[in-house]
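Chemist: There's a structure below that I have some questions on.
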Amino acid sequence: MTQEMALIRGPILLETNFVSYVSNLLKVAGDVKSFFVVEASALSIQESGAPSVLAFGIQASNANGHIGLLAVFDESGRGRWLNNCQQHHMHTSLAHSRISIRQVRMTVRRLSMVVFFPWLIASSQGAEGIRSVRLEYALGPSALIYQSVYSMDATFALEGSVRGPVSGAWEWQAGGRLELFTARTEIFARVLVSESFASWRPSIGLEAGITNRARWTDGNALLREARRSMDDVSSPFYFAWYSAPLSFEVREGWRLSVAELQIGSHFGRVGRTTRVQVGLITLGARL
Amino acid sequence: MITPKILRAGGLLLLLGSCSPTGPGSDGFESAAIVAADVVGPNLMPWVRLLSEAHTRDFPVSNDGYVSKDRFPSDRLTRDSAVVLVDSAFRSIGYVPSTVVLGQGPHATFNVVAEWPGTDRVGEVVLVGCHLDAFYAGADDNGSAVAAVLETARAIRGHLFSRTIRFVAFDLEEFGSIGSTRYIEAGHADDVVRAIVLDMVGYASSAPGSQQNVVGIRLPDVGDYLIVAGNETSADLVQRLTSFAHTTAIAKVHGVLAPGDGTYFLSSVFMRSDHGLLWYRGIPTIFLTDGANFRNPHYHKSTDSPETLDPSFLESNTRLLAAAVAMYAEVRP
């Protein structure tokens with residue numbers, strides 16, 4: 001159980017880092033209690049010497065820790081509930097020591113990576129993965145919210161991609177998005193881990209891309225010139241944490257996925273921009 | 001004057017106390033204190049009153065495109081008389097200011113600039129900025145800061161500094177830092193190596209509960225201190241200045257550091273003035289404020305008049321500004 005907890009913490013910490021690691025810093029100061037992140041997660045958990053199991057659940061993370069309920073399924077499909085509740089001990093302890101900002105930030109990032117990568121590796125071990133070697137072609141609409149210090153911009157795009165196997169549960173995916181109405185574009189590539197459980201096929205991964213969609217186009221005159229000036233120095237390169245918890249093989253060779261979530265930021269000044277993208281509905285076909 | 005027992009950087013991050021093991025030394029404190037001592041307190045309020053009178057009788061700037069709201073009375077923003085007054089004020093204390101005109105139409109900006117050249121690092125500029133436009137009389141916002149800058153500009157003329165000191169009174173900050181944005185965009189800040197931006201530095205209260213927390217950042221609830229805000233890039237400047245204030249008891253301050261370079265959505269409250277784009281560009285910049293609407297009940301109201309200010313608070317903050325200029329521009333002994 002202890003190991004499960006450690007593994008489960010990975011994506012939570014990572015997303016907290018991507019979305020607003022500022023919250024971690026606020027938490028260090030010990031005076032923010034209201035911040036929380038709610039996430040739906042699909043996880044693959046493997047304890048030493050045991051087959052991997054799948055978990056799906058909803059978890060909330062706030063300044064002090066996280067709490068959630070996970071449904072965990074073993075190989076035979078039998079499920080059990082796991083109450084996942086844990087304090088962010090490491091962060092809490094930092095609040096009581098005099099440390100520099102740089103130390104805090106480095107610690108948060110390091111924790112995220114240390115916890116995250118073992119989890120990914122654990123996922124790949126023992127996972128049977130997608131057996132097909134055929135490429136999957138997918139298409140669907142997505143919504144993107146871009147946020148910078150002074151602005152928030154929401155747009156819709158049509159997304160197309162191709163996806164193929166790497167090894168075991170590991171897959172690659174590459175594609176592009178064409179923004180509706182303005183025709184702005186971005187291209188991306190992903191590495192992801194996928195699991196199959198009956199018709200359920202959740203996946204998670206990391207995405208990197210080049211975009212020109214970080215444009216603050218709202219009509220508010222206040223701060224317009226400042227926004228434009230800041231816009232000009234945004235890097236076109238971004239990365240994002242990707243998860244597709246509600247992805248299903250609806251029939252042989254056809255995959256339907258809804259509410260795919262990507263949370264990321266631009267390289268260079270991570271956190272200066274936040275991009276939250278939701279794949280509204282995606283239909284994939286293996287040809 | 002109250003000696004702070006501890007200089008606590010609020011919420012967004014950590015404590016900046018004089019007992020910090022990584023705290024800076026006191027090199028230069030003595031020289032900075034000598035410059036600060038040249039500030040003449042009684043000079044300040046007359047500047048504030050003149051500016052408030054100028055704003056009161058001025059004609060508003062066109063607010064086309066800016067909807068007037070309770071906290072944002074865009075139809076009451078004035079600046080023309082203040083531009084003339086600040087220009088003549090710099091001349092009266094021995095400078096030859098220039099007005100940098102950028103943009104066109106009703107929202108063309110008029111930034112008033114005056115320089116005190118450095119002795120050996122002339123090309124390295126320490127920028128001291130504040131905005132000159134104001135809603136209504138704008139005594140605290142921003143007559144107090146303009147007065148502090150003018151008096152500092154006068155006080156430093158008896159000293160030599162390694163770096164060049166550039167005073168800039170920015171235009172149209174209230175409409176979204178337009179003056180400073182254009183000034184920086186046009187390359188006028190390319191030679192700036194340090195910057196100090198002031199916005200509202202004259203209002204204080206000794207009443208418990210007079211200081212509100214700033215978006216999750218817990219601050220001492222008695223609003224009788226100056227907030228010295230910085231980011232990672234300017235953290236050493238903040239720490240040096242708060243350490244100086246504590247050591248010399250020249251002003252009561254509270255250091256606050258925004259995370260990273262301070263340009264994140266959750267810390268945007270700390271970018272609400274002309275230093276915003278300087279932070280974005282990575283120029284080490286500190287921001288001095290009395291907390292604006294988190295303390296001053298007259299914020300952006302017709303009641304923002306000179307009588308609501310605390311002259312001794314403004315004086316101590318101006319001495320601190322002069323000291324900061326001396327340290328950052330490296331006053332010659």
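Following the order of the structure tokens, chains are lettered A, B, ..., residues in each are numbered from 1, and ligands are numbered from 1.
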Could you pull out the helix (DSSP H, G or I) residues of range 38-231 of chain B from DSSP and send them as a PyMOL selection string?

Modeler: chain B and resi 41-57+74-76+80-92+105-107+139-158+178-185

Chemist: Using the chain letters and numbers from this document, which residues of range 197-321 of chain B does DSSP assign to strand (DSSP E), as a PyMOL selection string?

Modeler: chain B and resi 197-198+226-230+253-257+285-289

Chemist: For the selection just defined, write its residues with C-alpha atoms to a file, as an mmCIF file, in the first residue's frame.

Modeler:
data_model
loop_
_atom_site.group_PDB
_atom_site.id
_atom_site.type_symbol
_atom_site.label_atom_id
_atom_site.label_comp_id
_atom_site.auth_asym_id
_atom_site.auth_seq_id
_atom_site.Cartn_x
_atom_site.Cartn_y
_atom_site.Cartn_z
ATOM 1 C CA VAL B 197 9.497 51.824 -9.380
ATOM 2 C CA LEU B 198 7.209 53.572 -6.925
ATOM 3 C CA LEU B 226 6.342 50.222 3.070
ATOM 4 C CA ILE B 227 6.169 47.108 0.935
ATOM 5 C CA VAL B 228 9.385 46.397 -0.946
ATOM 6 C CA ALA B 229 8.490 43.911 -3.649
ATOM 7 C CA GLY B 230 10.846 42.041 -5.900
ATOM 8 C CA VAL B 253 9.514 48.000 5.536
ATOM 9 C CA HIS B 254 8.192 44.597 4.642
ATOM 10 C CA GLY B 255 9.917 42.650 1.884
ATOM 11 C CA VAL B 256 7.864 40.521 -0.463
ATOM 12 C CA LEU B 257 9.281 38.350 -3.205
ATOM 13 C CA THR B 285 13.663 45.895 -10.429
ATOM 14 C CA ILE B 286 12.133 46.555 -7.044
ATOM 15 C CA PHE B 287 8.688 47.965 -6.485
ATOM 16 C CA LEU B 288 7.865 50.252 -3.579
ATOM 17 C CA THR B 289 4.256 50.697 -2.506
#

Chemist: As an exercise, work out the distance from CA of Leu44 in chain B to CA of Gly28 in chain B in Å and give it to one decimal place.

Modeler: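 CA of Gly28 in chain B lies 25.7 Å from CA of Leu44 in chain B.
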
Chemist: Which residues, written as a list in words, have at least one atom at most 6 Å from Ser257 in chain A, with only C-alpha atoms counted and residues fewer than 4 positions away on the same chain left out?

Modeler: Leu246, Ser247, Ile281 and Thr282 of chain A

Chemist: Next, write the just-selected residues to a file, as a PDB file, in the first residue's frame, keeping all heavy atoms as the atom set.

Modeler:
ATOM      1  N   LEU A 246     -10.517   8.847 -20.386  1.00  0.00           N
ATOM      2  CA  LEU A 246     -11.800   8.323 -20.872  1.00  0.00           C
ATOM      3  C   LEU A 246     -11.675   7.939 -22.344  1.00  0.00           C
ATOM      4  O   LEU A 246     -12.317   8.503 -23.222  1.00  0.00           O
ATOM      5  CB  LEU A 246     -12.905   9.363 -20.664  1.00  0.00           C
ATOM      6  CG  LEU A 246     -13.121   9.797 -19.216  1.00  0.00           C
ATOM      7  CD1 LEU A 246     -14.170  10.892 -19.116  1.00  0.00           C
ATOM      8  CD2 LEU A 246     -13.517   8.597 -18.357  1.00  0.00           C
ATOM      9  N   SER A 247     -10.815   6.978 -22.573  1.00  0.00           N
ATOM     10  CA  SER A 247     -10.553   6.512 -23.927  1.00  0.00           C
ATOM     11  C   SER A 247     -10.988   5.046 -24.020  1.00  0.00           C
ATOM     12  O   SER A 247     -10.612   4.222 -23.180  1.00  0.00           O
ATOM     13  CB  SER A 247      -9.064   6.653 -24.233  1.00  0.00           C
ATOM     14  OG  SER A 247      -8.776   6.193 -25.523  1.00  0.00           O
ATOM     15  N   ILE A 281     -13.610  15.568 -28.081  1.00  0.00           N
ATOM     16  CA  ILE A 281     -13.936  14.204 -28.504  1.00  0.00           C
ATOM     17  C   ILE A 281     -12.968  13.825 -29.630  1.00  0.00           C
ATOM     18  O   ILE A 281     -12.705  14.630 -30.523  1.00  0.00           O
ATOM     19  CB  ILE A 281     -15.412  14.097 -28.954  1.00  0.00           C
ATOM     20  CG1 ILE A 281     -15.744  12.662 -29.327  1.00  0.00           C
ATOM     21  CG2 ILE A 281     -15.717  15.052 -30.103  1.00  0.00           C
ATOM     22  CD1 ILE A 281     -17.244  12.433 -29.476  1.00  0.00           C
ATOM     23  N   THR A 282     -12.433  12.659 -29.524  1.00  0.00           N
ATOM     24  CA  THR A 282     -11.450  12.217 -30.518  1.00  0.00           C
ATOM     25  C   THR A 282     -11.832  10.835 -31.022  1.00  0.00           C
ATOM     26  O   THR A 282     -12.121   9.941 -30.234  1.00  0.00           O
ATOM     27  CB  THR A 282     -10.038  12.158 -29.894  1.00  0.00           C
ATOM     28  OG1 THR A 282      -9.714  13.427 -29.347  1.00  0.00           O
ATOM     29  CG2 THR A 282      -9.002  11.767 -30.933  1.00  0.00           C
TER      30      THR A 282
END

Chemist: Can you list, as a ChimeraX atom specification, every protein, DNA or RNA residue that comes within 12 Å of Ser210 in chain B when you count only C-alpha atoms, leaving out same-chain residues fewer than 5 positions away?

Modeler: /B:203-205,219-225,290-297

Chemist: Write out as a count of residues only each polymer residue whose atoms come within 8 Å of Leu180 in chain A, counting only C-alpha atoms; drop sequence neighbours fewer than 4 positions from it.

Modeler: 5

Chemist: Contacts of Arg213 in chain A at 10 Å or less, counting only C-alpha atoms, minus same-chain residues fewer than 2 places along, as a ChimeraX atom specification?

Modeler: /A:144,146,153,155,177-179,182-186,210-211,215-216,236

Chemist: Mind giving me the straight-line distance from CA of Gly138 in chain B to CA of Tyr150 in chain A in Å, one decimal?

Modeler: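 Computed distance, CA of Gly138 in chain B to CA of Tyr150 in chain A, equals 24.5 Å.
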
Chemist: Might you pull out every residue within 8 Å of Glu260 in chain A, with only C-alpha atoms counted and same-chain residues fewer than 3 positions away left off, and present them as a ChimeraX atom specification?

Modeler: /A:242-246,257,277-281

Chemist: What is the distance between CA of Pro73 in chain B and CA of His300 in chain B, in Å to one decimal?

Modeler: 7.1 Å

Chemist: B:Ser88, B:Ser98, B:Ser273, B:Thr263: which is nearest chain A, counting only C-alpha atoms?

Modeler: B:Thr263

Chemist: For Val96 in chain B, which residue among B:Phe175, B:Phe59, B:Trp116, B:Phe270 is the nearest when counting only C-alpha atoms?

Modeler: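 Looking at the shortest contact to Val96 in chain B, the residue is B:Trp116.
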
Chemist: So, counting only C-alpha atoms, which residue among A:Ala214, A:Ala169, A:Val233, A:Leu206 is closest to Val193 in chain A?

Modeler: A:Ala169
